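Asks: One structure, as structure tokens, below. Some questions next.
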Protein chains: 2
Amino acid sequence: MSLIVQKFGGSSVANPERVFNVAGIVTDTYKAGHSVIVVVSAQGDTTDELIEKAAEINPNPSKREMDMLLATGEQISISLLAMAIEKLGYPVVSLTGWQAGMQTDSHSGNARIKRIDTERLSVELDKRNIVIVAGFQGINRFDDITTLGRGGSDTSAVALAAACHADLCEIYTDVDGVYTADPRIVPNAKKLDDISFDEMLELASLGANVLHNRSVEMAKKYNVNLCVRSSLTRAPGTVVKEENTVEKMLVRGVTRDNDVARIALTDIEDTPGKAFRIFSLLAKNNINVDLIIQSIGRENVKDISFTVSRGNLALALEKIQENKDSIGYGDLTYNDNISKVSIVGAGMVTNPGVAAQMFEALYDAHINIHMIATSEIKVSVLIDEENAEKAVRVIHDKFIPA
Amino acid sequence: MSLIVQKFGGSSVANPERVFNVAGIVTDTYKAGHSVIVVVSAQGDTTDELIEKAAEINPNPSKREMDMLLATGEQISISLLAMAIEKLGYPVVSLTGWQAGMQTDSHSGNARIKRIDTERLSVELDKRNIVIVAGFQGINRFDDITTLGRGGSDTSAVALAAACHADLCEIYTDVDGVYTADPRIVPNAKKLDDISFDEMLELASLGANVLHNRSVEMAKKYNVNLCVRSSLTRAPGTVVKEENTVEKMLVRGVTRDNDVARIALTDIEDTPGKAFRIFSLLAKNNINVDLIIQSIGRENVKDISFTVSRGNLALALEKIQENKDSIGYGDLTYNDNISKVSIVGAGMVTNPGVAAQMFEALYDAHINIHMIATSEIKVSVLIDEENAEKAVRVIHDKFIPA
């Protein structure tokens, strides 16, 4: 008998039919003799509806009260799922974040799990109850309800798996695993049977919306057996695991991210601290910067280009213009008709030709590259948005045999 | 500086405009220098919507999971009210039932408050926070969320007032106090400035839906200064207090209750245990019996009449018929076109002529009386439903000067 943690997202429990689909997966696992902890998110659009309710009252509420409000979403879905499992005739109990012992720090709205007090969980598992836990939420040391921010339910599931020494943590979603590219763009994209934690981290941050980074980081840290599966097909899915046990394949995935805008500043004085000034200004305004490229200086001046998400573009331009004098630059230009296309693969680090092959594929397809950025297991290029899907296809054809 | 507990029902916080109305009352009280604990119910139809959601999944869910679900209603309204008060610029914190230390027994769906652990409340009041507490809910000794059943938020408010030794507990509702009769029936009904706990208890159980009985009982037990007020007019309202301090007035209120049906059994053998058999049968089927009249026996037989709520009539008749042999009776008849009209007043006990005056008013109006029942501070009569409103008016005219 194993202990299995199963996590289901909001769309998996969006209506009564889907709730019973999830109840079916859970009870089948239980029937097979396993102990089961289930983590659920809020149903479908519940969280958005709650955010709207708050906005009608106060456009800028405290994060503490926002967490109090949002935590109800998961409390509703855990109780409904428990009722469905009761209907199927199995012993079940639902637990909120605090009842499940999910202790967090006090960063309301974006709390980190500090420790899980597993006493109540153990009692319920010992009674042979299916235990349903509200994802995304916890409690701080003052007994205030906190939420974990984006991807919180994935993180809850992995943390529970780590704390309870679960044999497996299954993340159920509406795709049946991790693919070498988005199948809507690349029809012959392949499902990966396994992928390393590091590859998954790069893919997750590159816009393959399967698993949230924080959960993958935590799974890596505590060596949790993680698996991404579909709640609809029940196919085996993709296992995320340690690098050395992963199938060797040079490029594991090709991704595209359209939520990107490039800002370029020219003729910046080539003295120390200039880059720091720009990026600390952006950080102060909560603007995340992704790729950064600084040109080789010519005659005491240099150019700096970087990318931000499109939602942050206007604010970033405004702040840079406001501080033109202190930064000191010539022109400020931007482009928001671009996409970031990336390849990810743990094998790259030992295969220096990979980037060149990617550029060749783009050259053959007459696609111009605006910016290039690389890491040990990733190469990203910025290209015109209109070429992005074509780029994903030609790169995928180059690296991944049909 | 006093400590004031203010309770607002679901309709008082049904939409953003009303939430701000409540926030206005609360912050005005705080501005006047008082400490304030606010108890709120779930917004408008939230509880009904949650019950419907559950019914779609499981028509017969466990009460434990139902409580988990329903408790979200109040959690939503406390956080929204807190956000409104934040918007007005006052320090505020919302607390769920368990955060407010509301310890109950384990009767899910109808739990009783056992004790309030006021530590967190004190900390927040000491910080000069306005403290908003979710009504209707608590936590049992296993850390499971419980709800208090009907009128639960009134009970939460009174219990908090008792535990925190509040100077006053204000129950805000959509009427501006307790009236001598329903103003829709008796246009010249008068608002009472004060009323005794016992009178309020009789009125509450007679269908004057202002305060729930459990809350009045608790207020009486712990001698809480209770007041019923309107959240719309902010008029002074009605104070509920100890009998000896209440204005002396013979009849304090005339009420009508249409949710009543009479069942009559004739020719029951006049031996001990017959009445017990009938009423234990009904109790076993969760049918509450209100008035009971047993006729004086003639030749070893007697008749028994009693009233039940209309919703229970069919079941009561069915169960009695099923057990005809063991009960042993002649005819079984019923009437569900009747109403119960009652007068309540603590002064009655020392004024034996009151009942006679009531019957005289009905006789003058040619209204026939089917059944009569009296207590120390109450006289109830059963009459045809079509005469009920007229009866309330003529009785009100008789006792309460215009």
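Identifiers in the structure tokens: chain A, B, ... in order shown; residue index from 1 per chain; ligand index from 1 in order shown.
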Check every residue of chain A for an atom within 10 Å of chain B, counting only C-alpha atoms, and provide those that qualify as a compact mmCIF listing (two decimals) with N, CA and C atoms, in the first residue's frame.

Replies:
# COMPACT_ATOMS: atom_id res chain seq x y z
N ASN A 15 -17.77 21.81 -12.46
CA ASN A 15 -19.22 21.55 -12.38
C ASN A 15 -19.43 20.16 -11.77
N PRO A 16 -20.68 19.85 -11.39
CA PRO A 16 -20.94 18.58 -10.70
C PRO A 16 -20.43 17.36 -11.47
N GLU A 17 -20.59 17.36 -12.80
CA GLU A 17 -20.12 16.22 -13.60
C GLU A 17 -18.61 16.02 -13.42
N VAL A 19 -16.78 17.15 -10.95
CA VAL A 19 -16.50 16.78 -9.56
C VAL A 19 -16.60 15.27 -9.40
N PHE A 20 -17.63 14.67 -10.05
CA PHE A 20 -17.78 13.22 -9.96
C PHE A 20 -16.70 12.49 -10.75
N LEU A 50 -14.73 36.10 -6.85
CA LEU A 50 -14.44 36.66 -5.54
C LEU A 50 -13.62 37.94 -5.66
N LYS A 53 -15.96 40.66 -6.60
CA LYS A 53 -16.76 41.08 -5.44
C LYS A 53 -15.95 42.06 -4.58
N ALA A 54 -14.67 41.75 -4.37
CA ALA A 54 -13.81 42.62 -3.57
C ALA A 54 -13.63 43.96 -4.26
N ALA A 55 -13.41 43.93 -5.58
CA ALA A 55 -13.14 45.16 -6.33
C ALA A 55 -14.32 46.12 -6.27
N GLU A 56 -15.53 45.58 -6.19
CA GLU A 56 -16.72 46.42 -6.08
C GLU A 56 -16.72 47.21 -4.76
N ILE A 57 -16.09 46.62 -3.75
CA ILE A 57 -16.09 47.24 -2.42
C ILE A 57 -14.87 48.13 -2.23
N ASN A 58 -13.71 47.60 -2.61
CA ASN A 58 -12.45 48.30 -2.33
C ASN A 58 -11.42 47.86 -3.36
N PRO A 59 -11.02 48.78 -4.25
CA PRO A 59 -10.08 48.39 -5.30
C PRO A 59 -8.70 48.06 -4.75
N ASN A 60 -8.46 48.44 -3.50
CA ASN A 60 -7.13 48.22 -2.93
C ASN A 60 -7.24 47.66 -1.51
N PRO A 61 -7.84 46.47 -1.36
CA PRO A 61 -8.02 45.92 -0.01
C PRO A 61 -6.70 45.42 0.55
N SER A 62 -6.64 45.24 1.85
CA SER A 62 -5.43 44.65 2.44
C SER A 62 -5.31 43.22 1.95
N LYS A 63 -4.08 42.76 1.85
CA LYS A 63 -3.86 41.38 1.38
C LYS A 63 -4.38 40.38 2.41
N ARG A 64 -4.35 40.77 3.66
CA ARG A 64 -4.84 39.88 4.73
C ARG A 64 -6.32 39.58 4.50
N GLU A 65 -7.14 40.60 4.22
CA GLU A 65 -8.57 40.37 4.02
C GLU A 65 -8.83 39.69 2.67
N MET A 66 -8.00 40.00 1.68
CA MET A 66 -8.14 39.34 0.38
C MET A 66 -7.93 37.83 0.54
N ASP A 67 -6.95 37.44 1.36
CA ASP A 67 -6.70 36.03 1.60
C ASP A 67 -7.88 35.38 2.33
N MET A 68 -8.46 36.11 3.29
CA MET A 68 -9.63 35.62 4.00
C MET A 68 -10.75 35.32 2.99
N LEU A 69 -10.91 36.23 2.03
CA LEU A 69 -11.95 36.08 1.02
C LEU A 69 -11.64 34.93 0.07
N LEU A 70 -10.44 34.93 -0.50
CA LEU A 70 -10.11 33.95 -1.55
C LEU A 70 -10.09 32.52 -1.01
N ALA A 71 -9.71 32.35 0.25
CA ALA A 71 -9.62 31.00 0.82
C ALA A 71 -10.97 30.29 0.80
N THR A 72 -12.06 31.04 0.70
CA THR A 72 -13.37 30.38 0.66
C THR A 72 -13.54 29.56 -0.61
N GLY A 73 -12.89 29.97 -1.69
CA GLY A 73 -13.03 29.25 -2.96
C GLY A 73 -12.66 27.79 -2.83
N GLU A 74 -11.51 27.50 -2.22
CA GLU A 74 -11.08 26.11 -2.05
C GLU A 74 -11.92 25.40 -0.99
N GLN A 75 -12.37 26.15 0.01
CA GLN A 75 -13.20 25.52 1.04
C GLN A 75 -14.51 25.01 0.44
N ILE A 76 -15.03 25.75 -0.53
CA ILE A 76 -16.24 25.29 -1.23
C ILE A 76 -15.93 24.02 -2.02
N SER A 77 -14.83 24.01 -2.77
CA SER A 77 -14.58 22.84 -3.61
C SER A 77 -14.21 21.60 -2.81
N ILE A 78 -13.49 21.74 -1.69
CA ILE A 78 -13.18 20.53 -0.91
C ILE A 78 -14.46 19.91 -0.34
N SER A 79 -15.40 20.75 0.12
CA SER A 79 -16.61 20.18 0.72
C SER A 79 -17.46 19.52 -0.36
N LEU A 80 -17.54 20.13 -1.53
CA LEU A 80 -18.35 19.53 -2.61
C LEU A 80 -17.73 18.20 -3.07
N LEU A 81 -16.40 18.17 -3.20
CA LEU A 81 -15.76 16.91 -3.61
C LEU A 81 -15.98 15.84 -2.54
N ALA A 82 -15.90 16.24 -1.28
CA ALA A 82 -16.15 15.28 -0.19
C ALA A 82 -17.57 14.73 -0.29
N MET A 83 -18.54 15.61 -0.58
CA MET A 83 -19.92 15.15 -0.70
C MET A 83 -20.08 14.16 -1.87
N ALA A 84 -19.37 14.41 -2.96
CA ALA A 84 -19.43 13.49 -4.10
C ALA A 84 -18.85 12.13 -3.72
N ILE A 85 -17.76 12.14 -2.97
CA ILE A 85 -17.13 10.88 -2.56
C ILE A 85 -18.01 10.15 -1.55
N GLU A 86 -18.69 10.91 -0.68
CA GLU A 86 -19.69 10.31 0.24
C GLU A 86 -20.78 9.62 -0.58
N LYS A 87 -21.21 10.30 -1.64
CA LYS A 87 -22.27 9.76 -2.50
C LYS A 87 -21.85 8.41 -3.10
N LEU A 88 -20.56 8.29 -3.42
CA LEU A 88 -20.04 7.05 -3.99
C LEU A 88 -19.81 6.00 -2.91
N VAL A 92 -14.55 9.74 3.84
CA VAL A 92 -13.83 10.92 3.36
C VAL A 92 -13.94 12.03 4.39
N VAL A 93 -12.94 12.90 4.40
CA VAL A 93 -13.01 14.09 5.24
C VAL A 93 -12.29 15.21 4.50
N SER A 94 -12.86 16.40 4.53
CA SER A 94 -12.20 17.54 3.89
C SER A 94 -11.53 18.39 4.97
N LEU A 95 -10.39 18.96 4.63
CA LEU A 95 -9.64 19.81 5.56
C LEU A 95 -9.23 21.10 4.87
N THR A 96 -9.44 22.21 5.54
CA THR A 96 -8.92 23.48 5.04
C THR A 96 -7.40 23.46 5.18
N TRP A 98 -5.50 25.28 7.11
CA TRP A 98 -5.06 25.30 8.51
C TRP A 98 -5.38 23.99 9.21
N GLN A 99 -6.50 23.36 8.85
CA GLN A 99 -6.80 22.07 9.47
C GLN A 99 -5.78 21.01 9.06
N ARG A 120 -3.02 15.91 12.18
CA ARG A 120 -4.41 15.67 11.78
C ARG A 120 -4.48 14.78 10.54
N PHE A 142 0.23 33.77 13.40
CA PHE A 142 -0.79 34.51 14.16
C PHE A 142 -2.19 33.91 13.98
N ASP A 143 -2.28 32.76 13.35
CA ASP A 143 -3.56 32.11 13.05
C ASP A 143 -4.38 32.86 12.01
N ASP A 144 -3.71 33.64 11.16
CA ASP A 144 -4.40 34.28 10.05
C ASP A 144 -4.30 33.39 8.82
N ILE A 145 -5.38 33.38 8.03
CA ILE A 145 -5.40 32.59 6.81
C ILE A 145 -4.53 33.28 5.76

Asks: Quick one: everything within 7 Å of Lys241 of chain A, counting only C-alpha atoms, minus sequence neighbours fewer than 3 positions away in the same chain. Send it as a PyMOL selection string.

Replies: chain A and resi 195-197+225-226

Asks: Write out, as a PDB file, in the first residue's frame, the residues just selected, with C-alpha atoms.

Replies:
ATOM      1  CA  ILE A 195      11.598  14.929 -17.911  1.00  0.00           C
ATOM      2  CA  SER A 196      14.132  16.188 -15.396  1.00  0.00           C
ATOM      3  CA  PHE A 197      13.318  18.699 -12.681  1.00  0.00           C
ATOM      4  CA  ASN A 225       8.081  11.604  -7.293  1.00  0.00           C
ATOM      5  CA  LEU A 226       6.051  13.931  -9.445  1.00  0.00           C
TER       6      LEU A 226
END

Asks: Give the alpha helix (DSSP H) residues of segment 334-378 of chain B, as DSSP finds them on the backbone, and put them as a PyMOL selection string.

Replies: chain B and resi 354-364

Asks: Would you output that residue set with C-alpha atoms, as a short mmCIF file (atom, residue, chain, number, x, y, z; two decimals), in the first residue's frame?

Replies:
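New file out.cif:
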data_model
loop_
_atom_site.label_atom_id
_atom_site.label_comp_id
_atom_site.auth_asym_id
_atom_site.auth_seq_id
_atom_site.Cartn_x
_atom_site.Cartn_y
_atom_site.Cartn_z
CA VAL B 354 -56.97 39.58 30.19
CA ALA B 355 -58.01 36.35 28.45
CA ALA B 356 -61.68 37.23 28.89
CA GLN B 357 -61.09 40.64 27.30
CA MET B 358 -59.41 38.96 24.33
CA PHE B 359 -62.36 36.57 23.87
CA GLU B 360 -64.76 39.50 24.16
CA ALA B 361 -62.97 41.35 21.36
CA LEU B 362 -63.28 38.25 19.16
CA TYR B 363 -66.92 37.71 20.10
CA ASP B 364 -67.73 41.35 19.23
#

Asks: Go through A:Leu168, A:Leu291, A:Ile268, A:Val239 one by one, measure the shortest atom-to-atom distance of each to Met371 of chain A using only C-alpha atoms, and give the residue with the smallest value.

Replies: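 The shortest atom-to-atom distance to Met371 of chain A comes from A:Leu291.
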
Asks: My list of candidates is A:Gly138, A:Ala166, A:Met200, A:Ile292. Which is closest to Val178 of chain A when distances are computed with only C-alpha atoms?

Replies: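 The shortest atom-to-atom distance to Val178 of chain A comes from A:Met200.
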
Asks: Have a look at atom CA of Asn285 of chain A and atom CA of Ser156 of chain A and let me know their distance in Å, one decimal.

Replies: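 Distance reported for this atom pair: 28.8 Å.
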